[in-house]
Structures are given as C-alpha cells and as structure tokens.
Amino acid sequence: MADNDKELGGVGSYVLFENDVVKVWQNDLKPGESSDWHLHENNYLFVATVHGDLSLEHKSGEKHDTTLEPGSVVMGEKDSIHQLSNRGNTLYSSVIIEIK
C-alpha cells in the first residue's frame with residue numbers, strides 16, 4: 001500500500017476518556033468488520049474485553065492472524081499504520097489506551 005492509498009481514520013470506535021496524559025478508546029468490530037486504516041501517534045496498549053479472532057494488516061502489506069482472549073494485554077508500536085479486521089463470528093471488543 002502506498003502512503004496515499006488509504007485515508008486514515010480513528011484509532012478506535014469512539015473515545016471513552018481523554019486528558020493531558022492518556023486517551024482511551026473503545027474499539028468494537030462486528031464479524032467481518034474492519035477498523036479504519038489508522039496511525040498510532042502515541043505509545044499505546046490495548047486490552048481485549050471480548051474474545052477475538054483477528055487479522056492485522058500493516059501499511060507494508062505484512063499480514064498476520066491472531067486470537068485474543070478477554071484480559072489479553074498487547075503493547076502496540078508508536079507510529080504504526082495498520083488495519084484490524086474481525087475474522088470471527090462474534091463481536092470483538094477492546095479498550096485502547098494511548099499514552100501521551
């Protein structure tokens with residue numbers, strides 16, 4: 001994917017909380033749904049709150065599948081551009097915490 005191929009959207013579905021230290025997003029993906037292509041400008045982590053069978057595609061074209069159980073905590077990479085897709089049959093949900 002070239003830099004101009006995709007318009008970048010929000011990190012999650014909607015913002016739950018924000019102050020000068022953190023920004024917290026709710027992220028919900030229905031079966032077959034994908035997030036917007038998005039850029040993480042801050043260090044971040046996310047916590048799966050509902051089981052998810054997911055596929056992650058990076059700007060470079062690299063793709064991989066993963067399964068996350070509730071309570072799984074994943075540290076993400078700052079300046080990462082990617083899209084997350086729910087390849088499962090049920091709603092996937094997580095909370096994303098960006099550290100400013």
# chains A, B, ... in the order shown; residues from 1 in each chain; ligands from 1

$ residues_around --residues "region 53-59 of chain A" --least-positions-apart "3" --cutoff "10 Å" --atoms "only C-alpha atoms" --output "ChimeraX atom specification"
/A:1-3,5-6,29,31-32,34-35,37-39,62-69,80-92

$ write_last_selection --atoms "C-alpha atoms" --output "PDB file, in the first residue's frame"
ATOM      1  CA  MET A   1       0.000   0.000   0.000  1.00  0.00           C
ATOM      2  CA  ALA A   2       1.398   3.388  -0.945  1.00  0.00           C
ATOM      3  CA  ASP A   3       1.240   6.281   1.513  1.00  0.00           C
ATOM      4  CA  ASP A   5      -3.730   4.804  -0.974  1.00  0.00           C
ATOM      5  CA  LYS A   6      -5.790   4.946   2.216  1.00  0.00           C
ATOM      6  CA  LEU A  29     -15.704  -4.796  15.495  1.00  0.00           C
ATOM      7  CA  PRO A  31     -17.974 -10.153  12.497  1.00  0.00           C
ATOM      8  CA  GLY A  32     -16.317  -9.368   9.149  1.00  0.00           C
ATOM      9  CA  SER A  34     -12.540  -3.853   9.790  1.00  0.00           C
ATOM     10  CA  SER A  35     -11.260  -0.780  11.577  1.00  0.00           C
ATOM     11  CA  TRP A  37      -6.666   2.371   8.488  1.00  0.00           C
ATOM     12  CA  HIS A  38      -5.113   4.387  11.292  1.00  0.00           C
ATOM     13  CA  LEU A  39      -1.868   5.795  12.661  1.00  0.00           C
ATOM     14  CA  GLU A  62       2.525  -7.610   6.081  1.00  0.00           C
ATOM     15  CA  LYS A  63      -0.488  -9.535   7.445  1.00  0.00           C
ATOM     16  CA  HIS A  64      -0.986 -11.931  10.316  1.00  0.00           C
ATOM     17  CA  ASP A  65      -3.833 -13.591  12.171  1.00  0.00           C
ATOM     18  CA  THR A  66      -4.152 -13.697  15.934  1.00  0.00           C
ATOM     19  CA  THR A  67      -6.626 -14.781  18.579  1.00  0.00           C
ATOM     20  CA  LEU A  68      -7.089 -12.718  21.728  1.00  0.00           C
ATOM     21  CA  GLU A  69      -8.879 -13.806  24.876  1.00  0.00           C
ATOM     22  CA  SER A  80       2.376   2.116  13.308  1.00  0.00           C
ATOM     23  CA  ILE A  81      -0.143   2.362  10.445  1.00  0.00           C
ATOM     24  CA  HIS A  82      -2.457  -0.626  10.203  1.00  0.00           C
ATOM     25  CA  GLN A  83      -5.981  -2.003   9.965  1.00  0.00           C
ATOM     26  CA  LEU A  84      -7.576  -4.610  12.242  1.00  0.00           C
ATOM     27  CA  SER A  85     -10.267  -6.992  10.962  1.00  0.00           C
ATOM     28  CA  ASN A  86     -12.596  -9.313  12.866  1.00  0.00           C
ATOM     29  CA  ARG A  87     -12.433 -12.668  11.056  1.00  0.00           C
ATOM     30  CA  GLY A  88     -14.585 -14.358  13.713  1.00  0.00           C
ATOM     31  CA  ASN A  89     -18.351 -14.950  14.022  1.00  0.00           C
ATOM     32  CA  THR A  90     -18.913 -12.796  17.112  1.00  0.00           C
ATOM     33  CA  LEU A  91     -18.361  -9.194  18.200  1.00  0.00           C
ATOM     34  CA  TYR A  92     -14.756  -8.373  19.181  1.00  0.00           C
TER      35      TYR A  92
END

$ atom_distance --atom1 "CA of Glu77 (chain A)" --atom2 "CA of Asn19 (chain A)"
21.0 Å

$ residues_around --residues "Val73 (chain A)" --least-positions-apart "4" --cutoff "9 Å" --atoms "only C-alpha atoms" --output "VMD selection string"
chain A and resid 45 to 48 68

$ closest_residue --among "A:Gly76, A:Val15, A:Asp36, A:Ser94" --to "His51 (chain A)" --atoms "only C-alpha atoms"
A:Ser94

$ atom_distance --atom1 "CA of His40 (chain A)" --atom2 "CA of Glu98 (chain A)"
8.2 Å

$ residues_around --residues "Ile99 (chain A)" --least-positions-apart "5" --cutoff "7 Å" --atoms "only C-alpha atoms" --output "list in words"
Val21, Val22, Lys23, Asn42, Asn43 and Tyr44 of chain A

$ write_last_selection --atoms "C-alpha atoms" --output "compact mmCIF listing (two decimals), in the first residue's frame"
# COMPACT_ATOMS: atom_id res chain seq x y z
CA VAL A 21 -1.84 12.13 29.99
CA VAL A 22 -3.95 9.47 28.23
CA LYS A 23 -6.59 8.96 25.57
CA ASN A 42 1.46 7.77 20.68
CA ASN A 43 2.72 4.76 22.58
CA TYR A 44 -0.27 2.57 23.35

$ atom_distance --atom1 "CA of Asp20 (chain A)" --atom2 "CA of Met75 (chain A)"
20.3 Å

$ closest_residue --among "A:Gly9, A:Ile96, A:Gly52, A:Glu41" --to "Trp25 (chain A)" --atoms "only C-alpha atoms"
A:Ile96

$ select_by_dssp --residues "chain A" --states "strand (DSSP E)" --output "PyMOL selection string"
chain A and resi 14-18+22-29+38-39+43-50+52-58+63-68+73-75+81-86+92-99

$ write_last_selection --atoms "N, CA and C atoms" --output "compact mmCIF listing (two decimals), in the first residue's frame"
# COMPACT_ATOMS: atom_id res chain seq x y z
N TYR A 14 -14.71 4.85 19.30
CA TYR A 14 -15.02 6.16 19.88
C TYR A 14 -14.17 6.36 21.14
N VAL A 15 -14.01 7.62 21.53
CA VAL A 15 -13.19 7.97 22.70
C VAL A 15 -14.04 7.85 23.97
N LEU A 16 -13.51 7.11 24.95
CA LEU A 16 -14.16 6.97 26.25
C LEU A 16 -13.72 8.05 27.23
N PHE A 17 -12.44 8.45 27.13
CA PHE A 17 -11.87 9.38 28.10
C PHE A 17 -10.61 9.99 27.51
N GLU A 18 -10.37 11.27 27.82
CA GLU A 18 -9.12 11.89 27.40
C GLU A 18 -8.75 13.00 28.38
N VAL A 22 -3.50 10.65 28.98
CA VAL A 22 -3.95 9.47 28.23
C VAL A 22 -5.16 9.80 27.36
N LYS A 23 -5.36 8.96 26.36
CA LYS A 23 -6.59 8.96 25.57
C LYS A 23 -7.04 7.50 25.50
N VAL A 24 -8.29 7.24 25.89
CA VAL A 24 -8.80 5.89 25.97
C VAL A 24 -9.93 5.72 24.96
N TRP A 25 -9.78 4.71 24.12
CA TRP A 25 -10.75 4.42 23.06
C TRP A 25 -11.46 3.11 23.34
N GLN A 26 -12.73 3.04 22.99
CA GLN A 26 -13.45 1.77 22.88
C GLN A 26 -13.28 1.31 21.45
N ASN A 27 -13.05 0.03 21.23
CA ASN A 27 -12.92 -0.50 19.88
C ASN A 27 -13.81 -1.72 19.74
N ASP A 28 -14.83 -1.64 18.93
CA ASP A 28 -15.77 -2.73 18.69
C ASP A 28 -15.78 -3.06 17.21
N LEU A 29 -15.64 -4.35 16.89
CA LEU A 29 -15.70 -4.80 15.49
C LEU A 29 -16.68 -5.96 15.39
N HIS A 38 -5.39 3.34 10.32
CA HIS A 38 -5.11 4.39 11.29
C HIS A 38 -3.65 4.40 11.70
N LEU A 39 -3.23 5.55 12.20
CA LEU A 39 -1.87 5.80 12.66
C LEU A 39 -1.88 5.98 14.17
N ASN A 43 2.57 6.11 22.05
CA ASN A 43 2.72 4.76 22.58
C ASN A 43 1.34 4.32 23.07
N TYR A 44 1.06 3.03 22.95
CA TYR A 44 -0.27 2.57 23.35
C TYR A 44 -0.25 1.10 23.72
N LEU A 45 -1.31 0.70 24.38
CA LEU A 45 -1.58 -0.71 24.65
C LEU A 45 -3.07 -0.90 24.53
N PHE A 46 -3.46 -2.15 24.34
CA PHE A 46 -4.90 -2.41 24.36
C PHE A 46 -5.18 -3.68 25.14
N VAL A 47 -6.40 -3.73 25.68
CA VAL A 47 -6.86 -4.85 26.48
C VAL A 47 -8.11 -5.41 25.81
N ALA A 48 -8.04 -6.68 25.43
CA ALA A 48 -9.22 -7.33 24.85
C ALA A 48 -10.25 -7.52 25.96
N THR A 49 -11.48 -7.12 25.70
CA THR A 49 -12.55 -7.31 26.68
C THR A 49 -13.52 -8.40 26.24
N VAL A 50 -13.46 -8.78 24.96
CA VAL A 50 -14.27 -9.86 24.40
C VAL A 50 -13.37 -10.64 23.45
N GLY A 52 -11.55 -12.45 20.48
CA GLY A 52 -11.48 -12.03 19.09
C GLY A 52 -10.57 -12.90 18.24
N ASP A 53 -11.06 -13.29 17.07
CA ASP A 53 -10.26 -13.93 16.03
C ASP A 53 -10.01 -12.83 15.01
N LEU A 54 -8.77 -12.36 14.94
CA LEU A 54 -8.46 -11.12 14.26
C LEU A 54 -7.40 -11.30 13.18
N SER A 55 -7.41 -10.36 12.26
CA SER A 55 -6.39 -10.27 11.23
C SER A 55 -5.86 -8.84 11.25
N LEU A 56 -4.54 -8.70 11.23
CA LEU A 56 -3.91 -7.39 11.27
C LEU A 56 -3.11 -7.20 9.99
N GLU A 57 -3.36 -6.09 9.31
CA GLU A 57 -2.60 -5.76 8.10
C GLU A 57 -1.88 -4.45 8.31
N HIS A 58 -0.56 -4.47 8.05
CA HIS A 58 0.27 -3.27 8.19
C HIS A 58 0.39 -2.56 6.84
N LYS A 63 0.78 -9.15 6.82
CA LYS A 63 -0.49 -9.54 7.45
C LYS A 63 -0.24 -10.70 8.39
N HIS A 64 -1.00 -10.74 9.47
CA HIS A 64 -0.99 -11.93 10.32
C HIS A 64 -2.30 -12.04 11.09
N ASP A 65 -2.63 -13.29 11.41
CA ASP A 65 -3.83 -13.59 12.17
C ASP A 65 -3.45 -13.83 13.62
N THR A 66 -4.37 -13.48 14.51
CA THR A 66 -4.15 -13.70 15.93
C THR A 66 -5.50 -13.95 16.60
N THR A 67 -5.44 -14.58 17.75
CA THR A 67 -6.63 -14.78 18.58
C THR A 67 -6.34 -14.19 19.94
N LEU A 68 -7.24 -13.35 20.42
CA LEU A 68 -7.09 -12.72 21.73
C LEU A 68 -8.24 -13.12 22.64
N VAL A 73 -3.43 -8.41 27.13
CA VAL A 73 -2.88 -7.06 27.02
C VAL A 73 -1.78 -7.09 25.97
N VAL A 74 -1.87 -6.17 25.01
CA VAL A 74 -0.90 -6.11 23.92
C VAL A 74 -0.33 -4.69 23.84
N MET A 75 0.99 -4.60 23.84
CA MET A 75 1.67 -3.31 23.62
C MET A 75 1.80 -3.11 22.12
N ILE A 81 1.07 2.18 11.26
CA ILE A 81 -0.14 2.36 10.45
C ILE A 81 -0.65 0.97 10.10
N HIS A 82 -1.90 0.70 10.46
CA HIS A 82 -2.46 -0.63 10.20
C HIS A 82 -3.99 -0.61 10.23
N GLN A 83 -4.54 -1.78 9.93
CA GLN A 83 -5.98 -2.00 9.97
C GLN A 83 -6.22 -3.35 10.64
N LEU A 84 -7.21 -3.40 11.53
CA LEU A 84 -7.58 -4.61 12.24
C LEU A 84 -8.92 -5.10 11.72
N SER A 85 -9.02 -6.40 11.46
CA SER A 85 -10.27 -6.99 10.96
C SER A 85 -10.70 -8.13 11.87
N ASN A 86 -12.01 -8.22 12.09
CA ASN A 86 -12.60 -9.31 12.87
C ASN A 86 -12.95 -10.44 11.90
N TYR A 92 -16.04 -8.53 18.47
CA TYR A 92 -14.76 -8.37 19.18
C TYR A 92 -14.76 -7.00 19.81
N SER A 93 -14.21 -6.90 21.02
CA SER A 93 -14.18 -5.63 21.71
C SER A 93 -12.88 -5.49 22.49
N SER A 94 -12.36 -4.26 22.53
CA SER A 94 -11.16 -3.97 23.31
C SER A 94 -11.18 -2.51 23.74
N VAL A 95 -10.29 -2.20 24.66
CA VAL A 95 -10.06 -0.84 25.11
C VAL A 95 -8.62 -0.49 24.74
N ILE A 96 -8.43 0.62 24.04
CA ILE A 96 -7.11 1.07 23.61
C ILE A 96 -6.71 2.26 24.47
N ILE A 97 -5.52 2.20 25.03
CA ILE A 97 -5.03 3.27 25.90
C ILE A 97 -3.79 3.87 25.27
N GLU A 98 -3.92 5.12 24.81
CA GLU A 98 -2.79 5.84 24.24
C GLU A 98 -2.14 6.69 25.34
N ILE A 99 -0.82 6.60 25.44
CA ILE A 99 -0.08 7.34 26.45
C ILE A 99 0.54 8.54 25.78
